[in-house]
$ cat target15.tsv   # TSV, C-alpha atoms (C1' of nucleotides)
chain	number	residue	atom	x	y	z
A	113	MET	CA	0.00	0.00	0.00
A	114	ASN	CA	1.49	3.31	-1.06
A	115	THR	CA	1.38	6.66	0.67
A	116	LYS	CA	-1.52	8.04	-1.31
A	117	GLN	CA	-3.70	5.00	-0.69
A	118	LYS	CA	-2.94	5.32	2.98
A	119	ALA	CA	-3.93	8.98	2.95
A	120	VAL	CA	-7.24	8.19	1.22
A	121	LEU	CA	-7.95	5.44	3.69
A	122	GLU	CA	-7.24	7.74	6.56
A	123	ALA	CA	-9.47	10.46	5.17
A	124	LYS	CA	-12.34	8.04	4.68
A	125	ALA	CA	-11.89	6.62	8.15
A	126	ASN	CA	-11.92	10.15	9.45
A	127	VAL	CA	-15.33	10.82	7.94
A	128	LEU	CA	-16.72	7.67	9.47
A	129	LYS	CA	-15.16	8.50	12.81
A	130	ALA	CA	-16.72	11.94	12.73
A	131	LEU	CA	-20.12	10.28	12.40
A	132	GLY	CA	-19.21	7.70	15.00
A	133	HIS	CA	-20.44	9.65	17.96
A	134	PRO	CA	-24.08	9.69	19.06
A	135	THR	CA	-24.30	13.46	19.30
A	136	ARG	CA	-22.65	14.10	15.97
A	137	LEU	CA	-24.68	11.44	14.22
A	138	TRP	CA	-27.81	12.98	15.63
A	139	MET	CA	-26.70	16.38	14.39
A	140	ALA	CA	-26.15	15.05	10.90
A	141	GLU	CA	-29.59	13.48	10.95
A	142	GLN	CA	-31.14	16.74	12.07
A	143	LEU	CA	-29.64	18.45	9.06
A	144	GLU	CA	-31.19	15.97	6.66
A	145	ASP	CA	-34.04	18.26	5.72
A	146	GLY	CA	-32.17	21.50	5.61
A	147	GLU	CA	-29.82	23.77	7.44
A	148	LYS	CA	-30.14	24.62	11.10
A	149	CYS	CA	-28.43	27.15	13.29
A	150	VAL	CA	-26.44	26.07	16.31
A	151	CYS	CA	-29.13	27.38	18.63
A	152	GLU	CA	-31.75	25.13	17.05
A	153	LEU	CA	-29.56	22.10	17.48
A	154	ALA	CA	-28.67	23.11	21.00
A	155	GLU	CA	-32.31	23.16	22.05
A	156	SER	CA	-32.56	19.38	22.00
A	157	ILE	CA	-29.15	18.58	23.39
A	158	ASP	CA	-28.35	18.55	27.04
A	159	ALA	CA	-24.76	19.69	26.82
A	160	ASP	CA	-22.65	22.74	27.14
A	161	PHE	CA	-22.70	25.14	24.21
A	162	SER	CA	-18.97	24.73	23.84
A	163	THR	CA	-19.35	20.97	23.57
A	164	ILE	CA	-21.93	21.36	20.82
A	165	SER	CA	-19.75	23.82	19.00
A	166	LYS	CA	-16.81	21.45	19.11
A	167	HIS	CA	-18.83	18.54	17.79
A	168	LEU	CA	-19.94	20.68	14.88
A	169	SER	CA	-16.36	21.63	14.30
A	170	VAL	CA	-15.39	17.97	14.03
A	171	LEU	CA	-18.08	17.39	11.42
A	172	LYS	CA	-16.88	20.42	9.52
A	173	GLN	CA	-13.27	19.32	9.64
A	174	ALA	CA	-14.26	15.94	8.29
A	175	GLY	CA	-16.05	17.61	5.39
A	176	VAL	CA	-19.50	16.42	6.37
A	177	VAL	CA	-21.03	19.85	6.94
A	178	THR	CA	-20.42	23.46	6.04
A	179	ASP	CA	-21.22	26.52	8.06
A	180	GLU	CA	-22.29	30.00	7.13
A	181	LYS	CA	-22.68	32.97	9.39
A	182	ARG	CA	-25.76	35.06	8.83
A	183	GLY	CA	-26.31	37.81	11.31
A	184	LYS	CA	-25.68	36.64	14.79
A	185	GLN	CA	-26.30	33.04	13.93
A	186	VAL	CA	-24.25	30.33	12.32
A	187	TYR	CA	-26.07	27.90	10.06
A	188	TYR	CA	-24.82	24.41	9.44
A	189	LYS	CA	-25.87	22.16	6.60
A	190	LEU	CA	-24.94	18.80	5.16
A	191	LYS	CA	-22.35	19.11	2.47
A	192	VAL	CA	-22.86	15.65	1.02
A	193	PRO	CA	-26.35	14.48	1.92
A	194	CYS	CA	-25.82	10.96	0.60
A	195	ILE	CA	-24.14	10.30	3.93
A	196	LEU	CA	-27.50	9.57	5.46
A	197	LYS	CA	-28.64	7.27	2.69
A	198	TYR	CA	-26.41	4.77	4.36
A	199	MET	CA	-28.27	4.59	7.62
A	200	PRO	CA	-30.66	1.77	6.67
A	201	CYS	CA	-27.66	-0.48	6.22
A	202	ILE	CA	-26.24	0.54	9.58
A	203	GLU	CA	-29.61	-0.19	11.08
A	204	ALA	CA	-29.54	-3.60	9.45
A	205	VAL	CA	-26.31	-4.28	11.28
A	206	ILE	CA	-27.77	-3.48	14.65
A	207	LYS	CA	-31.03	-5.31	13.98
A	208	ASN	CA	-28.99	-8.31	13.06
A	209	LYS	CA	-27.14	-8.09	16.34
A	210	ALA	CA	-30.35	-7.61	18.28
A	211	ALA	CA	-31.90	-10.66	16.63
A	212	GLU	CA	-28.92	-12.79	17.52
A	213	HIS	CA	-28.93	-11.57	21.03
A	214	ALA	CA	-32.63	-12.38	21.32
A	215	ALA	CA	-32.01	-15.85	19.91
A	216	LEU	CA	-29.75	-16.61	22.81
A	217	LEU	CA	-32.57	-16.22	25.30
B	1064	MET	CA	-35.49	12.11	22.73
B	1065	ASN	CA	-36.44	8.99	24.64
B	1066	THR	CA	-34.29	6.21	25.95
B	1067	LYS	CA	-34.84	3.86	23.05
B	1068	GLN	CA	-33.99	6.48	20.46
B	1069	LYS	CA	-30.83	7.21	22.36
B	1070	ALA	CA	-29.91	3.55	22.41
B	1071	VAL	CA	-30.44	3.21	18.67
B	1072	LEU	CA	-28.37	6.29	18.03
B	1073	GLU	CA	-25.61	4.94	20.17
B	1074	ALA	CA	-25.68	1.59	18.44
B	1075	LYS	CA	-25.49	3.19	15.00
B	1076	ALA	CA	-22.67	5.49	16.09
B	1077	ASN	CA	-20.87	2.45	17.37
B	1078	VAL	CA	-20.94	0.75	13.98
B	1079	LEU	CA	-19.62	3.89	12.33
B	1080	LYS	CA	-16.95	4.23	14.94
B	1081	ALA	CA	-15.81	0.67	14.34
B	1082	LEU	CA	-15.27	1.55	10.68
B	1083	GLY	CA	-13.68	4.85	11.65
B	1084	HIS	CA	-10.14	3.59	11.85
B	1085	PRO	CA	-7.89	3.22	8.81
B	1086	THR	CA	-6.84	-0.32	9.59
B	1087	ARG	CA	-10.36	-1.52	10.29
B	1088	LEU	CA	-11.80	0.19	7.25
B	1089	TRP	CA	-9.12	-1.42	5.15
B	1090	MET	CA	-9.97	-4.79	6.65
B	1091	ALA	CA	-13.63	-4.37	5.81
B	1092	GLU	CA	-12.71	-3.44	2.25
B	1093	GLN	CA	-10.52	-6.50	1.96
B	1094	LEU	CA	-13.46	-8.67	2.88
B	1095	GLU	CA	-15.61	-7.24	0.12
B	1096	ASP	CA	-15.06	-10.15	-2.20
B	1097	GLY	CA	-15.16	-12.92	0.30
B	1098	GLU	CA	-13.83	-14.19	3.56
B	1099	LYS	CA	-10.18	-14.07	4.53
B	1100	CYS	CA	-8.23	-15.59	7.36
B	1101	VAL	CA	-6.36	-13.42	9.81
B	1102	CYS	CA	-3.07	-14.46	8.31
B	1103	GLU	CA	-4.07	-13.21	4.88
B	1104	LEU	CA	-5.03	-9.84	6.29
B	1105	ALA	CA	-1.90	-9.70	8.37
B	1106	GLU	CA	0.32	-10.06	5.33
B	1107	SER	CA	-0.37	-6.51	4.19
B	1108	ILE	CA	-0.44	-4.82	7.57
B	1109	ASP	CA	2.62	-3.67	9.37
B	1110	ALA	CA	1.39	-4.23	12.89
B	1111	ASP	CA	1.59	-6.71	15.68
B	1112	PHE	CA	-0.58	-9.79	15.37
B	1113	SER	CA	-2.26	-8.89	18.61
B	1114	THR	CA	-3.16	-5.47	17.26
B	1115	ILE	CA	-4.72	-7.00	14.18
B	1116	SER	CA	-6.63	-9.46	16.26
B	1117	LYS	CA	-8.02	-6.70	18.42
B	1118	HIS	CA	-9.13	-4.64	15.45
B	1119	LEU	CA	-10.99	-7.63	14.10
B	1120	SER	CA	-12.55	-8.08	17.47
B	1121	VAL	CA	-13.84	-4.51	17.40
B	1122	LEU	CA	-15.45	-5.11	14.01
B	1123	LYS	CA	-16.99	-8.30	15.31
B	1124	GLN	CA	-18.35	-6.62	18.41
B	1125	ALA	CA	-19.91	-3.95	16.25
B	1126	GLY	CA	-21.65	-6.60	14.19
B	1127	VAL	CA	-19.80	-5.77	10.98
B	1128	VAL	CA	-18.06	-9.12	10.57
B	1129	THR	CA	-18.39	-12.70	11.74
B	1130	ASP	CA	-15.66	-15.20	12.34
B	1131	GLU	CA	-15.44	-18.91	11.95
B	1132	LYS	CA	-12.64	-21.17	12.97
B	1133	ARG	CA	-11.64	-23.84	10.49
B	1134	GLY	CA	-8.63	-25.85	11.41
B	1135	LYS	CA	-5.85	-23.69	12.67
B	1136	GLN	CA	-7.18	-20.61	11.00
B	1137	VAL	CA	-9.94	-18.16	11.74
B	1138	TYR	CA	-11.86	-16.77	8.80
B	1139	TYR	CA	-13.57	-13.42	8.91
B	1140	LYS	CA	-16.26	-12.24	6.57
B	1141	LEU	CA	-18.59	-9.28	6.20
B	1142	LYS	CA	-21.89	-9.84	7.89
B	1143	VAL	CA	-23.71	-6.99	6.17
B	1144	PRO	CA	-21.97	-6.27	2.88
B	1145	CYS	CA	-24.01	-3.16	2.13
B	1146	ILE	CA	-21.63	-1.39	4.46
B	1147	LEU	CA	-19.23	-0.91	1.58
B	1148	LYS	CA	-21.86	0.33	-0.85
B	1149	TYR	CA	-21.52	3.53	1.04
B	1150	MET	CA	-17.90	4.21	0.24
B	1151	PRO	CA	-18.48	6.19	-2.97
B	1152	CYS	CA	-20.32	8.76	-0.90
B	1153	ILE	CA	-17.54	8.92	1.64
B	1154	GLU	CA	-15.12	9.37	-1.21
B	1155	ALA	CA	-17.25	12.22	-2.50
B	1156	VAL	CA	-16.81	13.92	0.84
B	1157	ILE	CA	-13.05	13.77	0.70
B	1158	LYS	CA	-12.88	14.71	-2.99
B	1159	ASN	CA	-14.96	17.71	-2.14
B	1160	LYS	CA	-12.53	18.65	0.57
B	1161	ALA	CA	-9.55	18.12	-1.68
B	1162	ALA	CA	-11.08	20.29	-4.38
B	1163	GLU	CA	-11.64	23.11	-1.93
B	1164	HIS	CA	-8.19	22.82	-0.60
B	1165	ALA	CA	-6.80	22.98	-4.13
B	1166	ALA	CA	-8.94	26.02	-4.86
B	1167	LEU	CA	-7.16	27.87	-2.11
B	1168	LEU	CA	-3.81	27.60	-3.88
C	885	DA	C1'	-20.34	53.44	23.24
C	886	DC	C1'	-22.21	49.50	25.89
C	887	DA	C1'	-24.75	45.56	26.97
C	888	DT	C1'	-26.58	41.33	24.97
C	889	DT	C1'	-26.92	37.44	22.13
C	890	DA	C1'	-24.74	33.62	19.56
C	891	DC	C1'	-21.18	31.29	19.09
C	892	DT	C1'	-16.00	29.79	19.28
C	893	DT	C1'	-11.61	28.86	21.46
C	894	DG	C1'	-8.35	27.58	25.11
C	895	DG	C1'	-7.45	25.05	29.23
C	896	DT	C1'	-8.02	21.19	32.29
C	897	DC	C1'	-9.08	16.58	33.54
C	898	DG	C1'	-11.01	12.06	33.64
C	899	DT	C1'	-11.94	8.32	30.23
C	900	DT	C1'	-11.14	5.69	26.07
C	901	DT	C1'	-8.25	4.06	22.35
C	902	DT	C1'	-4.44	2.07	20.39
C	903	DA	C1'	-0.06	-0.16	20.01
C	904	DC	C1'	3.17	-3.14	21.75
C	905	DC	C1'	4.94	-7.08	24.62
C	906	DA	C1'	4.32	-11.23	26.96
C	907	DT	C1'	1.55	-14.97	27.74
C	908	DA	C1'	-2.36	-18.15	26.98
C	909	DT	C1'	-5.33	-21.26	23.99
C	910	DG	C1'	-6.52	-24.33	20.47
C	911	DT	C1'	-5.18	-27.30	16.42
C	912	DC	C1'	-2.41	-30.10	13.67
C	913	DC	C1'	1.63	-33.02	12.72
C	914	DA	C1'	5.43	-35.92	13.85
D	682	DT	C1'	2.83	-36.48	23.77
D	683	DG	C1'	5.39	-32.59	22.37
D	684	DG	C1'	6.32	-28.91	19.38
D	685	DA	C1'	5.09	-25.70	15.89
D	686	DC	C1'	1.67	-22.71	14.05
D	687	DA	C1'	-2.44	-19.49	14.13
D	688	DT	C1'	-4.81	-16.54	16.82
D	689	DA	C1'	-6.62	-14.42	21.31
D	690	DT	C1'	-6.12	-12.14	25.72
D	691	DG	C1'	-4.15	-9.39	29.57
D	692	DG	C1'	-1.21	-5.68	30.91
D	693	DT	C1'	0.66	-1.20	30.27
D	694	DA	C1'	2.03	3.36	28.61
D	695	DA	C1'	1.28	7.07	25.30
D	696	DA	C1'	-1.92	9.58	22.73
D	697	DA	C1'	-6.55	11.04	21.50
D	698	DC	C1'	-11.24	12.17	22.97
D	699	DG	C1'	-15.09	14.40	25.33
D	700	DA	C1'	-17.13	17.33	28.76
D	701	DC	C1'	-17.08	21.28	31.37
D	702	DC	C1'	-15.63	26.12	32.71
D	703	DA	C1'	-13.86	30.49	31.58
D	704	DA	C1'	-12.73	33.82	28.46
D	705	DG	C1'	-12.76	35.74	23.61
D	706	DT	C1'	-15.03	37.47	19.23
D	707	DA	C1'	-18.55	39.20	16.19
D	708	DA	C1'	-23.11	41.13	15.17
D	709	DT	C1'	-27.25	43.46	16.95
D	710	DG	C1'	-30.08	46.44	19.75
D	711	DT	C1'	-30.32	50.70	22.91
$ encode --input "target15.tsv" --output "structure tokens"
Amino acid sequence: MNTKQKAVLEAKANVLKALGHPTRLWMAEQLEDGEKCVCELAESIDADFSTISKHLSVLKQAGVVTDEKRGKQVYYKLKVPCILKYMPCIEAVIKNKAAEHAALL
Amino acid sequence: MNTKQKAVLEAKANVLKALGHPTRLWMAEQLEDGEKCVCELAESIDADFSTISKHLSVLKQAGVVTDEKRGKQVYYKLKVPCILKYMPCIEAVIKNKAAEHAALL
DNA sequence: ACATTACTTGGTCGTTTTACCATATGTCCA
DNA sequence: TGGACATATGGTAAAACGACCAAGTAATGT
């Protein structure tokens, strides 16, 4: 494996890692039907504002979202919405696991 | 958000997190066209055998792969192959980022 | 100009991850 | 049965992560 392939792999892993946190995944899902400002997202999350801001920053760094300041507020939106098209497959994974777990009982 | 929704979110994030490491993502990609034993995977990775084994264990825990022992070897395979169908979208994310970065120069 | 609102950034700290080493376990072959 | 091979597991130290608090910035209202 050469250097470039490694870099691509790392970048892809980084995107997945960014989505690999409950709060950030939730945020991405919230943005599915359009942009939201930080304050709107914050309403439903029980966490410090700084924590929320940092999670959004991780998503931005990974290239999952973009932000735009308009007035006092900052709006975030999905940059590549296909990201969420994937969720049914992820759900299949966990349903699978749940079914197996149930089978043990 | 109720308890169940939180649990689902956490489970989904966990699957994404499992794939969110270069080595593990590479492993999953290697399994795209069929099962492989640990030794086959190990050939291309410059890491301790124990490290490799633990990465595979993470993927197994997440429900991404299954393992089966046959003789001396343990074979791993993708449990839910649709996982990889998603990669083109992930690649779009990083291409996007690369394009922007290039635009800055 | 000053306070207020909406974030972001820096610092700290406890927790989790990851990599390696050493050691076990299970399987086959002589 | 004993040794070699394939893999897993436990321990440990370094690095990364995540949450909070405090302080900083930028736009708006008074």
$ atom_distance --input "target15.tsv" --atom1 "atom CA of B:Ala1162" --atom2 "atom CA of A:Asn126"
17.2 Å
$ residues_around --input "target15.tsv" --residues "D:DT709" --least-positions-apart "5" --cutoff "9 Å" --atoms "all atoms listed in the file" --output "PyMOL selection string"
(chain A and resi 183-184) or (chain C and resi 888-889)
$ residues_around --input "target15.tsv" --residues "stretch 891-894 of chain C" --least-positions-apart "4" --cutoff "10 Å" --atoms "only C-alpha atoms (C1' of nucleotides)" --output "ChimeraX atom specification"
/A:150-151,161-162,165-166,169,181,184-186 /D:703-707
$ closest_atom_pairs --input "target15.tsv" --of "chain A" --to "chain B" --cutoff "9 Å" --atoms "all atoms listed in the file" --output "CSV"
residue,atom,partner,partner_atom,distance
A:Met113,CA,B:Ser1107,CA,7.8
A:Lys118,CA,B:Pro1085,CA,7.9
A:Val120,CA,B:Ile1157,CA,8.1
A:Leu121,CA,B:Pro1085,CA,5.6
A:Glu122,CA,B:Pro1085,CA,5.1
A:Ala123,CA,B:Ile1157,CA,6.6
A:Lys124,CA,B:Ile1153,CA,6.1
A:Ala125,CA,B:Gly1083,CA,4.3
A:Asn126,CA,B:Gly1083,CA,6.0
A:Val127,CA,B:Ile1153,CA,6.9
A:Leu128,CA,B:Gly1083,CA,4.7
A:Lys129,CA,B:Gly1083,CA,4.1
A:Ala130,CA,B:Gly1083,CA,7.8
A:Leu131,CA,B:Leu1079,CA,6.4
A:Gly132,CA,B:Lys1080,CA,4.1
A:His133,CA,B:Ala1076,CA,5.1
A:Pro134,CA,B:Glu1073,CA,5.1
A:Thr135,CA,B:Leu1072,CA,8.3
A:Arg136,CA,B:Ala1076,CA,8.6
A:Leu137,CA,B:Ala1076,CA,6.6
A:Trp138,CA,B:Leu1072,CA,7.1
A:Ser156,CA,B:Met1064,CA,7.9
A:Ala174,CA,B:Ile1157,CA,8.0
A:Gly175,CA,B:Val1156,CA,5.9
A:Val176,CA,B:Val1156,CA,6.6
A:Lys191,CA,B:Val1156,CA,7.8
A:Val192,CA,B:Val1156,CA,6.3
A:Pro193,CA,B:Cys1152,CA,8.8
A:Cys194,CA,B:Cys1152,CA,6.1
A:Ile195,CA,B:Cys1152,CA,6.3
A:Lys197,CA,B:Tyr1149,CA,8.2
A:Tyr198,CA,B:Tyr1149,CA,6.0
A:Met199,CA,B:Lys1075,CA,8.0
A:Cys201,CA,B:Cys1145,CA,6.1
A:Ile202,CA,B:Lys1075,CA,6.1
A:Glu203,CA,B:Lys1075,CA,6.6
A:Ala204,CA,B:Val1143,CA,7.5
A:Val205,CA,B:Gly1126,CA,6.0
A:Ile206,CA,B:Ala1074,CA,6.7
A:Asn208,CA,B:Gly1126,CA,7.6
A:Lys209,CA,B:Gly1126,CA,6.1
$ residues_around --input "target15.tsv" --residues "C:DA906" --least-positions-apart "5" --cutoff "12 Å" --atoms "all atoms listed in the file" --output "compact mmCIF listing (two decimals) with C-alpha atoms (C1' of nucleotides), in the frame of the given file"
# COMPACT_ATOMS: atom_id res chain seq x y z
CA SER B 1113 -2.26 -8.89 18.61
C1' DT D 690 -6.12 -12.14 25.72
C1' DG D 691 -4.15 -9.39 29.57
C1' DG D 692 -1.21 -5.68 30.91
C1' DT D 693 0.66 -1.20 30.27
$ residues_near_point --input "target15.tsv" --point "(-28.9, 26.9, 12.2)" --cutoff "6 Å" --atoms "all atoms listed in the file" --output "JSON, numbers by chain"
{"A": [147, 148, 149, 150, 152, 186, 187, 188]}
$ atom_distance --input "target15.tsv" --atom1 "atom CA of B:Ala1110" --atom2 "atom C1' of C:DC905"
12.6 Å
$ closest_atom_pairs --input "target15.tsv" --of "chain C" --to "chain B" --cutoff "12 Å" --atoms "all atoms listed in the file" --output "CSV"
residue,atom,partner,partner_atom,distance
C:DT901,C1',B:His1084,CA,10.7
C:DT902,C1',B:Thr1114,CA,8.3
C:DA903,C1',B:Thr1114,CA,6.7
C:DC904,C1',B:Asp1111,CA,7.2
C:DC905,C1',B:Ser1113,CA,9.6
C:DA906,C1',B:Ser1113,CA,10.9
C:DT907,C1',B:Ser1113,CA,11.6
C:DT909,C1',B:Lys1135,CA,11.6
C:DG910,C1',B:Lys1135,CA,7.9
C:DT911,C1',B:Lys1135,CA,5.2
C:DC912,C1',B:Lys1135,CA,7.3
C:DC913,C1',B:Lys1135,CA,12.0
$ interface_residues --input "target15.tsv" --of "chain D" --to "chain A" --cutoff "10 Å" --atoms "only C-alpha atoms (C1' of nucleotides)" --output "JSON, numbers by chain"
{"D": [699, 700, 701, 702, 707, 708, 709]}
